[in-house]
Structures are given as structure tokens and as C-alpha cells.
Number of protein chains: 2
Amino acid sequence: MVPPVEGGDAALLPEFPRGPLDAYRARASFSWKELALFTEGEDMLRFKKTIFSALENDPLFARSPGADLSLEKYRELNFLRCKRIFEYDFLSVEDMFKSPLKVPALIQCLGMYDSSLAVKYLLHSLVFGSAVYSSGSERHLTYIPKIFSMEIFGCFALTELSHGSNTKAIRTTAHYDPATKIRDPKTLLPMPGVMVGDMGKKLGQNGLDNGFAMFHKVRVPRQSLLNRMGDVTPEGTYVSPFKDVRQRFGVSLGGLSSGRVSILSLAVVNLKLAMAIALRFSATRRQFGPTEEEEIAVLEYPMQQCRLLPYLAAAYALDHFSKSLFLDLVEFQRGLASGDRSARQAELGREIHALASASKPLASWTAQQGIQECREACGGHGYLAMNRLGVLRDDNDPNCTYEGDNNVLLQQTSNYLLGLLAHRVQDGACFRSPLKSVDFLDAYPSILDQKFEVSSVANCLDSAVALAAYKWLVCYLLRETYQKLNQEKRSGSSDFEARNNCQVSHGRPLALAFLELTVVQRFHEHVHQPCVPPSLRAVLGRLSALYALWSLSRHAALLYRGGYFSGEQAGEVLENAVLALCSQLKDDAVALVDVIAPPDFVLDSPIGRADGELYKNLWGAVLQESKVLERASWWPEFSVNKPVIGSLKSKL
Amino acid sequence: MVPPVEGGDAALLPEFPRGPLDAYRARASFSWKELALFTEGEDMLRFKKTIFSALENDPLFARSPGADLSLEKYRELNFLRCKRIFEYDFLSVEDMFKSPLKVPALIQCLGMYDSSLAVKYLLHSLVFGSAVYSSGSERHLTYIPKIFSMEIFGCFALTELSHGSNTKAIRTTAHYDPATKIRDPKTLLPMPGVMVGDMGKKLGQNGLDNGFAMFHKVRVPRQSLLNRMGDVTPEGTYVSPFKDVRQRFGVSLGGLSSGRVSILSLAVVNLKLAMAIALRFSATRRQFGPTEEEEIAVLEYPMQQCRLLPYLAAAYALDHFSKSLFLDLVEFQRGLASGDRSARQAELGREIHALASASKPLASWTAQQGIQECREACGGHGYLAMNRLGVLRDDNDPNCTYEGDNNVLLQQTSNYLLGLLAHRVQDGACFRSPLKSVDFLDAYPSILDQKFEVSSVANCLDSAVALAAYKWLVCYLLRETYQKLNQEKRSGSSDFEARNNCQVSHGRPLALAFLELTVVQRFHEHVHQPCVPPSLRAVLGRLSALYALWSLSRHAALLYRGGYFSGEQAGEVLENAVLALCSQLKDDAVALVDVIAPPDFVLDSPIGRADGELYKNLWGAVLQESKVLERASWWPEFSVNKPVIGSLKSKL
């Protein structure tokens, strides 16, 4: 049971300063502190607070409003900060095993401060460090402490100039050790035959230095090869525990699954921050009103509610999903570590791969669209760099394409489902998976006979309605995709062509709908648990229903096309249910972002501060910028009377 | 008739360099030169070439790849460039009257070089200059030459910290003269009581310095008031030719219509540039293939085609629409200038206002989404700043919110249509408008009885199919919105509440569908003119059909809901028609962007260069950046052996 708020540490969840947001806070249907405790638990809240306080009190992390940081300076700062995070040692290995969710929580806290920092820390510790740890053998273990003190630092090199998604076709054939021992550790100059350089400025995440490395006949000591998956004997013979080249490649790529789950969680962070900024702005910004004298908060407009609140619900639903998927991954990795070679373990790996491959696209796109909506919903204030919506959007953007382009990744998920259906059709196998995400498909013939039968908005305000519709939708898309694929093959297309021709209209929506269903299902179960405090049930139920119905409404054309919907009423009920839920949630919106927003120092957005003093904070931030009231340095050139030296010159 | 290509100046449309794009260029179904001549005409092509060549040959406009320009430096450059554009005097007043389309063409050329430059030039000449010219009286005419030499420069101050959309509620009550004569012209220091400052960095358009001005009991000479619309006599009496306050306010805002049409055209520029970059990239980037040995251009994938080609079609359709709407505006302004006070002139004003108010949202959002799709479709290459997709997105972004927030503006259009229907219902008036955009509504009862009856993809590949569907859709949404509005009012909502409650689900889609119909209608008529050269008819027809059907497909749920679509086939035919058109257009895609892309110097994107040498150009650009192969300046701090000075210190 969640401890009562009164029992908690008052310093853990301090009161917000009084101000213009009081009105909405007073109208909330629930206590934000209770929801924070229910969602995170006291131990996790304390852990996050420790991290945030450390950052706020460390001058290395001081914010520099309005500073026009150079690329080089920003990278240096980010490097120093990353090193400092290792020094803080927020999370002991023991803690990590006891509370695995603290791993993504740490990454999320860093991401709330700065995405570049989170990604640098993640790449260095979890990708580089884990690669050495899990792919290396005993002789590489000496690197581990050096990695965690950043005495040596890693880079991640999987793509070539001409190869990104198609990593199998990569043309670099030398075995490359990602440890930096290819550079001279004293001078950091590249070793002979190696050329390293910088790729230049990116749209975002510029605290990270993306570069290139070229290898021309470089000699790397045999011992440098991370040799757990494959080795070269002193005689030059290649040996591997895996017989099949494709299987070996698959195992080497296995490390990427955790990358996708991390990206899912970073996308959620970006969305949460944007929602906090835009909703606090919307609750304090007034524009127009019922009379010429009175202006109302823009959050009172159904338009503003419908633009923002579905994304707030998405932030909650996806946040829960990212945690639950991370725990599934932990289970899988524990199996790996314990040498589990059961069929269940293999199936679990496939299921997690399918879920992770679609969850990164869904979360990164939801965040991309949500942040863009937030930026527009804040108008010109949202366009000011200081309010941070631009940085959030730009830092989130690569989530859509790295670690697998979203559209390419979705094929992994649709292929997984198609494979299961083929197995069922050809061998009569049941739909069964360790996490049960596909089990419902076993009843697909009867599910396909169902129709939407909700005739009133009141009966539609529940995620159970959306769940039923989603199950029908996934069955429908799966059958259609399977038929289309077979039809393509029968008409002479190769497997490659057939899949390409099915992906746009069938495979892609299938993968997304399946993942949306899984997210909705897990959040629905979460908010309907018996342990949910009674006072939180209404608001959580609404969030769950809103995310579910809003996501579903984007598939309305397919629901009609396949016959699940018919008549004018079905579409109207769905649309009106979304509107009604937005209206019901608008008074809870500020309290809901109070739960997910980090402290002001971390949020770093004048229009999103917890005191709601929109104009005072904005004005304060403008005046803090250097040179705000100064003329530009080049003004004398352009005043009507040129300066004396100019006049003298023209006289000479 | 369009002159044959052979008759044109070979230097006007030079051949592209040979290279990897040759294969697609050879497969095109038409001559890009013929399409360029048909679309622009020789005189306009020459005009644009003059501008582009001037920029390319002037060191002030030199591109600085990889330079990390400071905010201040960028603004200075932009100011200098704007001044230089006035010096070039590309467009005489005489030319402007003879070929009015050269006005937006000039802005578009500047926008292709840099959005900040186009907007600065536009604000200074067309907004500030026009305001002084059209709202001032004789005593202000002396400012005009000084404005065009940039001896005095203007700023545009319509919003307050707390008032953007709701300009009527603005709290600054002093009449303010936008001329900078409030500052001392010798020192550029503000006059007493005036505080001016800078708002800081924005997400984009940072060549423009957005600032604030505060006026505290400032005395402005009476003569400074732009007094054509209203004046103050020496005795202090306010006099105006307009009796009604609301009418006067409306007339003062009239100048904004041309602003919206200009934004429409700048959004189209951004979309064109992004398409040129992404499609040339897609035609040269190879990834995966039917066998392990062979990789194919990513443009061959239906997924890539369907992500990009509809936006290419949108760029063509919206480009045509922006020109035609500009010509309508010219007609209206000529009427104003000649003192036309006819009912037709007033109706024309209302119709243009309704069209402009929805066209800015449609174009800016289409560009926003299209550029984002381009950025993602180019993967990590698209994420590199040097390839320009980020700048295009960021510079386009404010188009969604300034000169009227998109969602607020759409109400102007839905209100216009609702007003016409009320007039018809209450007074039996016909639907008639000067530009005929609403005339079809006169038959709305019979249109609403129509059904979609196209049963094969082959019969669907025509914009006429979409036109019929769009007419039904607009009639349906208009009727539904009207009914919903009246129902809201009958149930006791105020006019303000009733409109707010109808906007999300009814008014907004109504306004967008109406504008899409108008764009589709005009482009359909344009490409079906008898004067279209036979060799261009197929490709233009496909572009028109693709834009129309793709736009329509996003309303598929409404088409089903209202009963225009029924059964599985309707939705399938529409979806498959879009896929088929994408496939038919993919071999024409490179030639189609050859028509709209500016010269490489202006396009300024290594992956989008006309020679298609993707990796060579990218590599060249990377190596041109300063310090590309250098270690960061702060490296000695972090090498394993700290530098001597560090060691010495620790020994002391």
C-alpha cells in the first residue's frame, strides 16, 4: 500500500509557491502528492531528488540563460558534466540490482537536465561499458574501472557514410575494437592509418560530438578484439560458439534492444517536459473572453485542451509502458546472465524485440508531434529559445531515426506478428507469448465478427471500449496484411518486393496499432489495480481512456472500412468522448504536470515555472541576458551620421 | 503558347552536371526545361536568375559552411544583406505594376537564400514601408526614399507581452509611430521614457532581431501619427473618415492580409527546398536490396515514395495557389487604390480574407510536416546541420503562429462560410462570391445526396474524383457545423461559448477542407488548360491527382461517417490510388525537383546538390569545416597523462 501523504517527508514533496496557478491547483480532483507517491514510491522520489539537488547545487551545472554557447564550449561542458556524474556515483551496482528502475530513472533525470548529457552518459556507460563487459573476456575487465572513471572513453561506431539501416552490408572489414586504445593515450592524436574527425553541428544534441573514424590498413592487437562471441587464434583461425553467420550477427546486435528501450524512456522525458511548460503556460496565459473586459485562460478553450491534453495522457501511458518494458528487459537479461537456454527465454527475446522495435517509433513520434503542438500552443513565447521547447524538439528528433529508423524498425514488429500468424495457419500453433501481448490473437476469427456497439458518450469514457476496438483493429490489419502479402507473392513478387509493397498501407499501421494496444492494455491494467487509492481512480481512469480513445480515433477510417464502425453515430461518439475527457481533465491538468515536472532549475523554462508568474519570469529572464538593452556592436555603421573616422576617411 | 525550349536562352536553363542522378533524369517522362518554362515563363526565369546570380557573385552573400555564427554577427550580416538587396533594386516600381508576380518572386528568391533575409526585407519594405505609404499622409512621404535606402528602418510592433492573438485588447494606449524617429538618429540611443531591448535567441529566423519597446509617458509629435485613417487636430479632437470603431479597426488590420499571402508563399519556398534536398538524396542513397549484393536507391521503396511524393505534389499545388491568390489580392488592392466602393469590392475583400486566413495555416502546416518528413527520410544525414533541413524547419515554424495563430485564423474562414449559410437559410440568398470559391455550395442539398461510386483504382487517378468528394465533404461539414452551432445556442450557450465548442470537431476541419478544395480546384483547372503542352499533361495530371487524393484521404473517416463512402472498397480504392500515383511519379521526382530547386549555391545542402555526388559533396563539406581534424582545445585536461603544469602543481 502507498503510504499516506502525511506520513511522507514534507521536504520530499514541498508545496509549490503561491501564485497564478493556485486557481487550477485548487480545482484539481486529487492530491498531486498522492499521485506522485503512487506512481514513483517514496524511495524513487528520494533518489530523483538527490540527483536534481546535486545538479542544482553544483556550479558545473549552472544554467546560463541567453548564453550563445559555442559548439566547442558546449561539448567541453557536456564532457565535464558527464565525468562529474560518474564521480557522483548516484547508483551503486547493489542498488541497481535491487531497484533496476533506478537505471532508467537516472538516465531520465539527466535527460530532464540536458538530453546531450543523458545520451553521452548512456553511450559511454551502458553501450560502450556494457559492450566491453558483455562481449569482452577476462583480459578486457581491466578496462571497466577506467571506463567508469572516464580515464578511457568510448565511441559507438556502427554506421558508415553509406550504410545506416543496412548494417549487414557495412564495408569496413577490419575487426574494430571500440576502446580508444587506438589513439595514443598521451597525446590523443590518432594512431597511424587512422583518421578521426568531426561531423559538425547537428540539429540538436550538440553536446555530443559525432564524428567519423577512417581505418586504412590499421594493425590492431589481436587481444583488443572483444572475443566472447568470436575470436581469432594466434594462428589466425576464426572461432566462434555460433555456427551460423546470421545468428552470430543477430547476437552481436542484441545489445541494441536496451538502446531502444532507453530511447523510449528519453522520448517520454522530452514529452513530459514539454507538457509541463505548455500546460502551465496555458493555465496562466489569458486571451479573449466572453466579454471585451474579461479574458480567460487559454486552457479554458476546447481547442487548447484538445491540442494538449491527449499528449499529457500519452506521457502518462508511455511512461508506465517504458517502465514495464524495462522490467521485462531486466528479466530477459537476467536469463541471459544465468545461461537460460530455454524456449521461453528465446521467445521472450523475440517478443521484447518486437515490442521495443515498435515502441521507439511510437514514443519518439508522439513526443515529436506533442512537442511541436506545445511549441505552437505557446505561440511566440514558445518560439523563444529560452523557453526550451525548441531544444526539446531538436534533442528528441534523432530518436526518430537512430538505433533503427522508425519506419524500418516497424517492419520488425509486423514481421513478428506475420510470422506468428503463418505458424498458426500452417502448423495450427497457438498464439502464446511470455508477456502475453499476442495471446488475444488466438481468438481472432471471433474478434473479427465483433462490432462497435457503444451508443452514448457516457458509455464510451473508458479505456475498455478502446481496448475492444484495438483488438478488432489488430486482428483486421493482421489478416489483411497476411492476405496482401500472399497475394503479392502469388502474383510473382519476390519476398523482398512483397514486403515492401505491403508495408505502407498494411505492415506499418499493423505494427503501430499492435503497440498502441499493448500500451493501452498495460496502462488500463495499471490504473485499475485494486491498490490504486480511491481518490486517484477517477483521474487515472480518465487519462487511460483519453490516451486510448484519442489514439484509436486516428484509426477511425480503418474501423469504418473494415466494418467495425458503421453509421454516423460511431464516429461521433468516439470524437465526442475525446472532447468530453479533455474537458473533464482540464482542471486536473496543472496538478498532473506538477507530478511529472522536475524542479524549476531542471525544467529551465521561464513560462513553465511552478509559481506560474508567466510575465514576471519571462521578463526576468530577458533582462538576465547579456547586452539585452545594449545597441548592437555594429550600430555606429548604420546611424544616420557616420562616426568621425568615416567622415575623415572620405575627406582624405 | 509556351515557346519551345530550343528557342530559349541555353544559359537560362543550363544542363545539370553528369552524375549519379543521370539515371533518374533519363527516366523522366517529360523535359524539366519545358515544365520550368510553362510554369514560370521566360521573363520570370530570367528575373530569378538575375537575383540568384547577384547573390552568388557578391562576397557579402558568401556561404560559410560550418561557421558557428554568433547571434550578433548573424544579425549584422542579415542587416547588411537586406540593405544590399535594396541597393540592387531588382524590381522597379514600373516592373512591379507590369508583372506583379515579381514581388512574391523576389521574396521567394530571398527566402530560398535565407528566410531571415526575406522576412526582414518583407517587414521593412512591405509592412513598414507600405504602412507609412498607405496610412500616412503627404507629410510622411519624405520618409519613403529614406526607408528604401534603409537610412531609417522600421519595426513592427503589434503584440504585447500579454496580448498576441487578441490585438483588440492591447493595453498600450498611446498612439505609436513605427518610424524609428523615436530614437535619436545620431546615437541610436532610445529617447527618454522609451526602453527598447532584445528578446534573445529564437528557435529560428535569428537573423531577425525581435525585441521589445516600452513607452512610459512618451511624447510623440502629433505630426508623426500616420493619419490617413484617423487624426488628431491641433486642438486635440480625434477625427476619422470611419464612424464605426470596429470598422476602423478592421481597416487598420487590412494590411495584414498581404502578410498572410506572403507567409503562404514563404512556406511554399521552405517546402520546395526541403523536397529538393530529400528527393535528390533519396535518388542517390542506396540501402538494402533484393539480394545481399545489390543495394537499391531508397526512392525505389514504396515507403519512401509515400512519405515524400505527396509533399512534392503539395509544393506544386500550393505554389500555384499562392500565385493565383496573390493576383486576386492585387486586383483587390487596385480596387482600393482606385477608390472602388462597390459591393463586389467589399465581397472580394471578405472572400480574400477567408481564403488567406485558411491558406496560411494549410501551407505552414504542410511545410512543417513535409520538412519534418524530409529530415527523417534523410536519417542521420538529415540531422546534420550543414544539410539545411533543420534550418528550413526552424525558419518555417513561426509561419504557424505569427500573423495570426493558425487555429485562431481558421475561425475566420469557418465563420465566413457559416455567415453565408445563415444568409441563405434566413434570407434565401444565393451562394455567390467574386472568385467563385463558394458558388458550388448553392447546390448543397443535391451534393449531399451524392455517393462515392468509383470502384477501380484506374478510375480514381484523377483530381476530378477528389474534387467531387471534397465538394460533398465541405457541404457536409458546413451543414453539421451550422446545426451544431444552433444546437449549442438553443441549449443556452453564449455566442462565444457556442463557437468555441464547435471549433475543434467542426469549424476547424470545415475551414481546412474548404481551403484544400479551393487549392485542388485551382490546380486542377491549371493543369487541364488547353495551353498545357501535351508532353506535360501526364505528369501535371498525376501531381494534381496525388495532392488531391492524398489530402482527401486524411478525411476518410468523415467520408465514411457522413455516408459518402461505404463498404471496404471505397477506402481501399482511395488508398491504392495514392500508392499507384506515388509509384507512377517516382521516376519523374528528380526532374520535378530540378524545376523547383534553386542553384546549388542557394540551396546550400551537400546532400541536395544537382550533381548527386552525395558522399563526395558531404565529405567535401565536412572537410571544409574549421578544425574538423583537430583535437578539441580542451583535450590536454583529459589525456591520461596530465600536462606538465598540472603535475608540477600537484607536487608543490
# chains A, B, ... in the order shown; residues from 1 in each chain; ligands from 1

call {"tool": "closest_atom_pairs", "arguments": {"of": "chain A", "to": "chain B", "cutoff": "6 Å", "atoms": "only C-alpha atoms", "output": "tab-separated table"}}
result
residue	atom	partner	partner_atom	distance
A:Asn166	CA	B:Phe288	CA	5.8
A:Pro185	CA	B:Val640	CA	5.8
A:Lys186	CA	B:Asn641	CA	5.7
A:Gly197	CA	B:Leu629	CA	4.6
A:Asp198	CA	B:Val628	CA	5.1
A:Lys201	CA	B:Ala385	CA	5.4
A:Lys202	CA	B:Leu384	CA	4.4
A:Leu203	CA	B:Ala385	CA	5.3
A:Gln287	CA	B:Asn166	CA	6.0
A:Phe288	CA	B:Asn166	CA	5.8
A:Pro290	CA	B:Phe496	CA	5.7
A:Met303	CA	B:Val504	CA	5.5
A:Gly379	CA	B:Thr401	CA	5.6
A:Tyr383	CA	B:Leu203	CA	5.6
A:Leu384	CA	B:Lys202	CA	4.4
A:Ala385	CA	B:Lys202	CA	4.5
A:Gly390	CA	B:Leu203	CA	5.7
A:Thr401	CA	B:Gly379	CA	5.6
A:Phe496	CA	B:Pro290	CA	5.7
A:Val504	CA	B:Met303	CA	5.4
A:Ala556	CA	B:Ala557	CA	5.5
A:Ala557	CA	B:Ala557	CA	4.0
A:Arg561	CA	B:Glu568	CA	4.6
A:Gly562	CA	B:Glu568	CA	5.9
A:Glu568	CA	B:Arg561	CA	4.6
A:Val628	CA	B:Asp198	CA	5.1
A:Leu629	CA	B:Gly197	CA	4.6
A:Ser639	CA	B:Lys186	CA	5.7
A:Val640	CA	B:Pro185	CA	5.8
A:Asn641	CA	B:Lys186	CA	5.6

call {"tool": "residues_around", "arguments": {"residues": "segment 23-32 of chain A", "least_positions_apart": "2", "cutoff": "12 Å", "atoms": "only C-alpha atoms", "output": "PyMOL selection string"}}
result
chain A and resi 4-6+13-21+34-40+279-280+282-284+297+299-300+533-540+542+584-597+610-612

call {"tool": "write_last_selection", "arguments": {"atoms": "C-alpha atoms", "output": "compact mmCIF listing (two decimals), in the first residue's frame"}}
result
# COMPACT_ATOMS: atom_id res chain seq x y z
CA PRO A 4 -0.33 8.30 3.23
CA VAL A 5 1.00 11.70 2.18
CA GLU A 6 1.08 12.91 5.75
CA LEU A 13 7.32 16.96 -1.95
CA PRO A 14 7.34 20.59 -0.89
CA GLU A 15 4.41 22.91 -1.51
CA PHE A 16 4.52 24.99 -4.65
CA PRO A 17 4.87 28.76 -4.31
CA ARG A 18 1.58 30.64 -4.30
CA GLY A 19 0.69 32.41 -7.49
CA PRO A 20 -1.46 32.45 -10.62
CA LEU A 21 -1.57 28.65 -10.81
CA GLU A 34 -0.60 11.27 -3.51
CA LEU A 35 -0.29 10.58 -7.21
CA ALA A 36 3.46 11.20 -7.13
CA LEU A 37 3.83 8.72 -4.29
CA PHE A 38 1.62 6.17 -6.01
CA THR A 39 3.42 6.48 -9.32
CA GLU A 40 7.01 6.58 -8.10
CA LEU A 279 0.20 23.45 -19.68
CA ARG A 280 1.48 25.83 -17.04
CA SER A 282 -1.90 27.66 -20.90
CA ALA A 283 -3.23 27.93 -17.35
CA THR A 284 -1.78 31.42 -16.88
CA ALA A 297 -7.01 31.34 -19.54
CA LEU A 299 -6.63 26.32 -21.19
CA GLU A 300 -10.36 27.03 -20.98
CA PRO A 533 -6.03 4.79 -3.92
CA PRO A 534 -9.74 5.56 -4.36
CA SER A 535 -9.09 9.28 -4.69
CA LEU A 536 -6.86 8.69 -7.73
CA ARG A 537 -9.12 6.30 -9.61
CA ALA A 538 -11.16 8.91 -11.44
CA VAL A 539 -8.27 10.93 -12.78
CA LEU A 540 -6.19 7.89 -13.75
CA ARG A 542 -9.71 9.43 -17.48
CA GLN A 584 -13.08 16.66 -17.64
CA LEU A 585 -9.30 16.70 -17.32
CA LYS A 586 -8.62 20.39 -17.84
CA ASP A 587 -8.99 21.26 -14.16
CA ASP A 588 -6.61 18.43 -13.28
CA ALA A 589 -4.05 19.39 -15.90
CA VAL A 590 -1.87 21.60 -13.71
CA ALA A 591 -1.80 19.07 -10.87
CA LEU A 592 -0.97 16.32 -13.37
CA VAL A 593 2.05 18.24 -14.65
CA ASP A 594 3.05 19.07 -11.07
CA VAL A 595 3.54 15.31 -10.66
CA ILE A 596 5.80 14.90 -13.69
CA ALA A 597 7.64 18.24 -13.82
CA ALA A 610 5.97 26.30 -10.85
CA ASP A 611 4.92 29.70 -9.50
CA GLY A 612 3.05 30.48 -12.70

call {"tool": "residues_around", "arguments": {"residues": "Asp58 of chain A", "least_positions_apart": "5", "cutoff": "10 Å", "atoms": "only C-alpha atoms", "output": "compact mmCIF listing (two decimals) with N, CA and C atoms, in the first residue's frame"}}
result
# COMPACT_ATOMS: atom_id res chain seq x y z
N SER A 53 19.00 17.72 -6.78
CA SER A 53 19.63 18.65 -5.86
C SER A 53 21.12 18.75 -6.12
N ARG A 81 30.55 17.50 -17.41
CA ARG A 81 29.37 17.13 -16.62
C ARG A 81 29.19 15.61 -16.58
N ARG A 84 31.53 14.26 -14.16
CA ARG A 84 31.07 14.56 -12.81
C ARG A 84 29.96 13.61 -12.38

call {"tool": "atom_distance", "arguments": {"atom1": "atom CA of Ser125 of chain B", "atom2": "atom CA of Leu106 of chain B"}}
result
12.1 Å

call {"tool": "closest_residue", "arguments": {"among": "A:Ala314, A:Val573, A:Ala429, A:Cys531", "to": "Cys460 of chain A", "atoms": "only C-alpha atoms"}}
result
A:Val573

call {"tool": "closest_residue", "arguments": {"among": "B:Ala54, B:Arg63, B:Leu477, B:Leu77", "to": "Phe90 of chain B", "atoms": "only C-alpha atoms"}}
result
B:Ala54

call {"tool": "closest_residue", "arguments": {"among": "B:Phe431, B:Leu392, B:Pro361, B:Ile371", "to": "Glu347 of chain B", "atoms": "only C-alpha atoms"}}
result
B:Phe431

call {"tool": "atom_distance", "arguments": {"atom1": "atom CA of Val438 of chain A", "atom2": "atom CA of Phe514 of chain A"}}
result
8.8 Å

call {"tool": "residues_around", "arguments": {"residues": "segment 257-265 of chain B", "least_positions_apart": "3", "cutoff": "10 Å", "atoms": "only C-alpha atoms", "output": "PyMOL selection string"}}
result
chain B and resi 103-105+107-108+111+119+122-123+126-127+253-254+268-271+318-323+325-326+329-330+333+349+352-364+367+396+398-400+402-404

call {"tool": "select_by_dssp", "arguments": {"residues": "segment 357-452 of chain A", "states": "alpha helix (DSSP H)", "output": "number ranges by chain"}}
result
A: 357-377, 379-383, 389-396, 406-427, 444-447
